[in-house]
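Asks: So that we are looking at the same thing, I have put the structure below in structure tokens.
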Amino acid sequence: MHGLFKWSSKWWPGVIPLVIFWGIAAWTSTATVEGDLAARSNAALKDTVLDKRRISVDGRDVTFSANAFSEDGRLSAVASVDAVPGVRLVNDETRLVPEAKPFVWSAERDVVRVTLGGNAPLPSSKSKLVEAAKAGLGGGVEVADQMALARGAPQRFDAVALLLLDQIGKLKDGKITLTDTKIALAGMARELGGREAIAAALKNLPEGYLVAANDIKAPPYVFQAYKDPVAVTLTLTGYVPDNNMHAALVAAAGRKFFSEKVVDNLKASVGAPSGFAAAVVPALGALSRLSTGTLVVSDREVKLSGDALYDAAAGQIRDGLGKDFPQGWQYKAEVTVKPAAAPVDPTVCQQLFSEILSKGKIRFESGKADIVPDSAGLLDRLIETAMRCPNATIEVAGHTDGDGDEAANRALSERRAQAVVDYLVRAGLPASRFTPIGYGSTQPVAGNDSEDGKAQNRRIEFVVK
């Protein structure tokens, strides 16, 4: 017996390493099998549409959890895992994605962000909508995905949601909501015409879909004009109803602003309020009488601000601004008077008159002595100059072209000269300083054998005595 114990004491220490090596081998073999089953189970689900999929393996038993989008899809996924070679048992922890009743999806926009909310039917739908939003809105707009996955989407959901996303790009701010097959829109269009563009696009909705509410508002219809005495420009910005009105307003500005260069940045767009031209044209005339000023027409509201050239002009502009406006239009005139310019001697006064009249002409109705309203800005500049030389006497000389009877031409030219003097007197200048004289066609400055020459000969001159 003593010998046996003596013999065993020689081999039992070697058993311990064998047991350790066997344990390591068994554990390694099991881990390899479990990893292989997990990989093959996941591969079997490669083409299956699931959410939150999770595979865990214990020996040859597989625990499978996921959210499926249909009962058939769920059963098919479980069967695919069960069919993997080597799997002994599938512990099925799958379930269906909740069903949304009603199925609601939305896209909401503010200045810098679009938030996608509500429900989407599939992960691929979510990805498609997020990518479309980012591509369509540009890099300056953040896209926030707050969509949840749910069953119950109407047919052709993806196509309709993508169409609605195109419309969110036309909004400055607002929200579009799809509830089952009904669409509701609210917000402010980014540009004029945007509201109409959205309405036109929604005519292409698939059958069965309808617009239940559309509260998209158009932005204000804005027309602006700025008179800059330093740059000697009149800058027009904003919108006009159409190309014909565009050309007419630019031409009217060219007549009223005798020395300024017209900078035309106008665009044609729908949405002009009724009576647009009937308000804008006289408002431009009022602006032409200011030294510097701004005209803002927003929908049916007209705001004019700036400096008149003299006191009487400021009062006339304030009192007369809305006189010819269509009914329903509102107006506000914030007109002050620029500081009086320094006095000048008669020689400089004559130079100033000649310079002003070289850039523009006092216009009259054809064959009459009625001054055309377009000449108001030019006349105000002449009045301001006359105020700078208070001691000078001035001859207001009228001239005509060579057409017609000379006696009639002389009489017409004198009436026109008198009409100008009357305008100056109404502005507060003493009548004693002015002498109206009609020269008819006796002092032409160009030939009367062309329309251009005749137009040059029809004129009013200021001669300082």
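Going through the structure tokens in order, the chains are called A, B, and so on, while each chain numbers its residues from 1 and the ligands are numbered from 1 in the order shown.
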Determine which residues of range 92-295 of chain A receive a DSSP assignment of alpha helix (DSSP H), computed from the backbone, and state them as a short mmCIF file (atom, residue, chain, number, x, y, z; two decimals) with C-alpha atoms, in the first residue's frame.

Replies:
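So part_38.cif came out as:
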```
data_model
loop_
_atom_site.label_atom_id
_atom_site.label_comp_id
_atom_site.auth_asym_id
_atom_site.auth_seq_id
_atom_site.Cartn_x
_atom_site.Cartn_y
_atom_site.Cartn_z
CA PRO A 123 -36.28 51.81 -42.34
CA SER A 124 -35.66 52.28 -46.06
CA SER A 125 -38.48 54.83 -46.17
CA LYS A 126 -36.90 56.79 -43.32
CA SER A 127 -33.52 56.81 -45.04
CA LYS A 128 -35.02 57.80 -48.38
CA LEU A 129 -36.93 60.72 -46.87
CA VAL A 130 -33.96 62.01 -44.86
CA GLU A 131 -31.66 61.83 -47.89
CA ALA A 132 -34.24 63.54 -50.11
CA ALA A 133 -34.69 66.34 -47.57
CA LYS A 134 -30.95 66.95 -47.33
CA ALA A 135 -30.51 66.91 -51.10
CA GLY A 136 -33.49 69.16 -51.82
CA LEU A 137 -32.94 71.77 -49.11
CA PHE A 157 -46.71 56.43 -48.99
CA ASP A 158 -43.10 56.93 -50.13
CA ALA A 159 -44.09 58.63 -53.39
CA VAL A 160 -46.51 60.98 -51.66
CA ALA A 161 -44.10 61.86 -48.84
CA LEU A 162 -41.36 62.66 -51.36
CA LEU A 163 -43.76 64.90 -53.30
CA LEU A 164 -44.65 66.73 -50.08
CA LEU A 165 -40.97 67.14 -49.21
CA ASP A 166 -40.51 68.96 -52.51
CA GLN A 167 -43.13 71.44 -51.34
CA ILE A 168 -41.53 72.06 -47.95
CA GLY A 194 -44.59 79.69 -54.21
CA ARG A 195 -48.15 79.23 -52.98
CA GLU A 196 -49.38 78.75 -56.54
CA ALA A 197 -46.49 76.38 -57.34
CA ILE A 198 -47.38 74.19 -54.35
CA ALA A 199 -51.04 74.07 -55.37
CA ALA A 200 -50.05 73.06 -58.90
CA ALA A 201 -47.72 70.30 -57.66
CA ASN A 243 -43.26 92.10 -68.17
CA ASN A 244 -45.51 94.77 -69.68
CA MET A 245 -45.97 96.48 -66.33
CA HIS A 246 -42.25 96.09 -65.71
CA ALA A 247 -41.42 98.04 -68.87
CA ALA A 248 -44.10 100.66 -68.16
CA LEU A 249 -42.83 101.38 -64.63
CA VAL A 250 -39.20 101.64 -65.72
CA ALA A 251 -40.27 104.05 -68.48
CA ALA A 252 -42.33 106.11 -66.02
CA ALA A 253 -39.34 106.29 -63.67
CA GLY A 254 -37.16 107.47 -66.53
CA ARG A 255 -39.58 110.34 -67.24
CA LYS A 256 -40.03 111.40 -63.62
CA PHE A 276 -50.89 98.12 -58.16
CA ALA A 277 -49.91 100.39 -61.06
CA ALA A 278 -52.45 103.08 -60.14
CA ALA A 279 -50.75 103.44 -56.73
CA VAL A 280 -47.11 102.91 -57.65
CA VAL A 281 -46.93 105.42 -60.52
CA PRO A 282 -48.09 108.49 -58.50
CA ALA A 283 -46.00 107.29 -55.54
CA LEU A 284 -42.94 107.32 -57.80
CA GLY A 285 -43.89 110.87 -58.77
CA ALA A 286 -43.88 111.87 -55.09
CA LEU A 287 -40.48 110.23 -54.62
CA SER A 288 -39.11 112.17 -57.59
#
```

Asks: Hey, what does DSSP flag as strand (DSSP E) within range 406-447 of chain A? Can you give it to me as a list in words?

Replies: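 Of range 406-447 of chain A, only Phe434, Thr435, Pro436, Ile437 and Gly438 of chain A fall in strand (DSSP E).
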
Asks: Based on the selection just made, write N, CA and C atoms of those residues as an mmCIF file, in the first residue's frame.

Replies:
```cif
data_model
loop_
_atom_site.group_PDB
_atom_site.id
_atom_site.type_symbol
_atom_site.label_atom_id
_atom_site.label_comp_id
_atom_site.auth_asym_id
_atom_site.auth_seq_id
_atom_site.Cartn_x
_atom_site.Cartn_y
_atom_site.Cartn_z
ATOM 1 N N PHE A 434 -40.187 137.069 -61.558
ATOM 2 C CA PHE A 434 -40.248 136.280 -62.785
ATOM 3 C C PHE A 434 -41.004 137.016 -63.892
ATOM 4 N N THR A 435 -40.463 136.911 -65.109
ATOM 5 C CA THR A 435 -41.102 137.501 -66.279
ATOM 6 C C THR A 435 -41.324 136.406 -67.325
ATOM 7 N N PRO A 436 -42.581 136.009 -67.582
ATOM 8 C CA PRO A 436 -42.823 134.999 -68.605
ATOM 9 C C PRO A 436 -42.813 135.626 -69.997
ATOM 10 N N ILE A 437 -42.095 135.050 -70.926
ATOM 11 C CA ILE A 437 -42.020 135.537 -72.305
ATOM 12 C C ILE A 437 -42.145 134.355 -73.249
ATOM 13 N N GLY A 438 -42.954 134.521 -74.305
ATOM 14 C CA GLY A 438 -43.095 133.497 -75.313
ATOM 15 C C GLY A 438 -42.385 133.886 -76.594
#
```

Asks: I'd like the neighbourhood of Ala312 in chain A as a PDB file with N, CA, C and O atoms, in the first residue's frame, where a residue qualifies if any of its atoms comes within 10 Å (using only C-alpha atoms), though same-chain residues fewer than 4 positions away should be ignored.

Replies:
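Output (result-v8.pdb):
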```pdb
ATOM      1  N   ALA A 308     -37.714 116.624 -48.609  1.00  0.00           N
ATOM      2  CA  ALA A 308     -38.152 117.502 -49.691  1.00  0.00           C
ATOM      3  C   ALA A 308     -37.143 118.639 -49.849  1.00  0.00           C
ATOM      4  O   ALA A 308     -36.314 118.902 -48.976  1.00  0.00           O
ATOM      5  N   GLN A 316     -47.035 119.709 -49.776  1.00  0.00           N
ATOM      6  CA  GLN A 316     -47.748 119.210 -50.953  1.00  0.00           C
ATOM      7  C   GLN A 316     -47.627 117.694 -51.076  1.00  0.00           C
ATOM      8  O   GLN A 316     -48.596 117.005 -51.401  1.00  0.00           O
ATOM      9  N   ILE A 317     -46.445 117.168 -50.817  1.00  0.00           N
ATOM     10  CA  ILE A 317     -46.225 115.729 -50.936  1.00  0.00           C
ATOM     11  C   ILE A 317     -47.034 114.989 -49.868  1.00  0.00           C
ATOM     12  O   ILE A 317     -47.685 113.978 -50.159  1.00  0.00           O
ATOM     13  N   VAL A 337     -37.698 118.287 -44.458  1.00  0.00           N
ATOM     14  CA  VAL A 337     -37.122 119.230 -45.419  1.00  0.00           C
ATOM     15  C   VAL A 337     -35.606 119.251 -45.250  1.00  0.00           C
ATOM     16  O   VAL A 337     -35.101 119.381 -44.134  1.00  0.00           O
ATOM     17  N   ASP A 380     -39.258 121.221 -58.940  1.00  0.00           N
ATOM     18  CA  ASP A 380     -38.818 121.437 -57.551  1.00  0.00           C
ATOM     19  C   ASP A 380     -37.329 121.760 -57.497  1.00  0.00           C
ATOM     20  O   ASP A 380     -36.886 122.583 -56.680  1.00  0.00           O
ATOM     21  N   ARG A 426     -46.781 129.459 -56.646  1.00  0.00           N
ATOM     22  CA  ARG A 426     -47.491 128.584 -55.688  1.00  0.00           C
ATOM     23  C   ARG A 426     -46.523 127.947 -54.697  1.00  0.00           C
ATOM     24  O   ARG A 426     -46.909 127.552 -53.593  1.00  0.00           O
ATOM     25  N   ALA A 427     -45.269 127.823 -55.091  1.00  0.00           N
ATOM     26  CA  ALA A 427     -44.258 127.252 -54.194  1.00  0.00           C
ATOM     27  C   ALA A 427     -43.768 128.268 -53.174  1.00  0.00           C
ATOM     28  O   ALA A 427     -42.995 127.917 -52.281  1.00  0.00           O
ATOM     29  N   GLY A 428     -44.204 129.559 -53.314  1.00  0.00           N
ATOM     30  CA  GLY A 428     -43.831 130.574 -52.336  1.00  0.00           C
ATOM     31  C   GLY A 428     -42.856 131.609 -52.838  1.00  0.00           C
ATOM     32  O   GLY A 428     -42.430 132.485 -52.075  1.00  0.00           O
TER      33      GLY A 428
END
```

Asks: Please list as a PDB file with C-alpha atoms, in the first residue's frame every residue within 7 Å of Glu108 in chain A, counting only C-alpha atoms and excluding residues in the same chain fewer than 4 positions away.

Replies:
```pdb
ATOM      1  CA  VAL A 114     -36.631  70.830 -41.260  1.00  0.00           C
ATOM      2  CA  THR A 115     -37.980  68.278 -38.788  1.00  0.00           C
ATOM      3  CA  LEU A 116     -39.364  65.003 -40.106  1.00  0.00           C
ATOM      4  CA  GLY A 174     -44.617  76.002 -42.059  1.00  0.00           C
ATOM      5  CA  LYS A 175     -45.752  72.411 -41.738  1.00  0.00           C
ATOM      6  CA  ILE A 176     -47.127  69.725 -44.024  1.00  0.00           C
TER       7      ILE A 176
END
```

Asks: Smallest atom-to-atom distance to Arg388 in chain A: which of A:Ser80, A:Thr347, A:Thr442, A:Gln330, using only C-alpha atoms?

Replies: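 Of all the options, A:Thr347 lies closest to Arg388 in chain A.
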
Asks: Can you list, as a list in words, every protein, DNA or RNA residue that comes within 9 Å of Cys389 in chain A when you count only C-alpha atoms, leaving out same-chain residues fewer than 2 positions away?

Replies: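 Residues meeting the cut-off are Pro343, Val344, Asp345, Pro346, Val348, Cys349, Thr385, Ala386, Met387, Asn391, Ala392 and Thr393 of chain A.
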
Asks: Could you write those residues out with N, CA and C atoms, as a short mmCIF file (atom, residue, chain, number, x, y, z; two decimals), in the first residue's frame?

Replies:
```cif
data_model
loop_
_atom_site.label_atom_id
_atom_site.label_comp_id
_atom_site.auth_asym_id
_atom_site.auth_seq_id
_atom_site.Cartn_x
_atom_site.Cartn_y
_atom_site.Cartn_z
N PRO A 343 -26.52 130.34 -50.37
CA PRO A 343 -26.86 131.27 -51.45
C PRO A 343 -25.73 131.35 -52.48
N VAL A 344 -26.10 131.70 -53.72
CA VAL A 344 -25.12 131.85 -54.79
C VAL A 344 -25.40 133.17 -55.51
N ASP A 345 -24.40 133.65 -56.25
CA ASP A 345 -24.59 134.89 -57.00
C ASP A 345 -25.31 134.59 -58.31
N PRO A 346 -25.79 135.61 -59.03
CA PRO A 346 -26.57 135.38 -60.25
C PRO A 346 -25.84 134.57 -61.31
N VAL A 348 -23.60 132.10 -60.89
CA VAL A 348 -23.68 130.68 -60.51
C VAL A 348 -25.12 130.19 -60.63
N CYS A 349 -26.07 131.05 -60.28
CA CYS A 349 -27.48 130.68 -60.38
C CYS A 349 -27.82 130.31 -61.83
N THR A 385 -33.24 126.08 -56.68
CA THR A 385 -32.16 126.93 -57.20
C THR A 385 -32.55 128.40 -57.15
N ALA A 386 -33.81 128.70 -57.53
CA ALA A 386 -34.27 130.09 -57.48
C ALA A 386 -34.22 130.64 -56.07
N MET A 387 -34.45 129.79 -55.08
CA MET A 387 -34.39 130.23 -53.68
C MET A 387 -32.96 130.55 -53.25
N ASN A 391 -32.15 137.52 -54.88
CA ASN A 391 -32.17 138.89 -55.39
C ASN A 391 -32.15 138.94 -56.92
N ALA A 392 -32.08 137.77 -57.57
CA ALA A 392 -32.02 137.76 -59.03
C ALA A 392 -33.42 137.79 -59.62
N THR A 393 -33.55 138.51 -60.73
CA THR A 393 -34.79 138.45 -61.50
C THR A 393 -34.57 137.47 -62.64
#
```
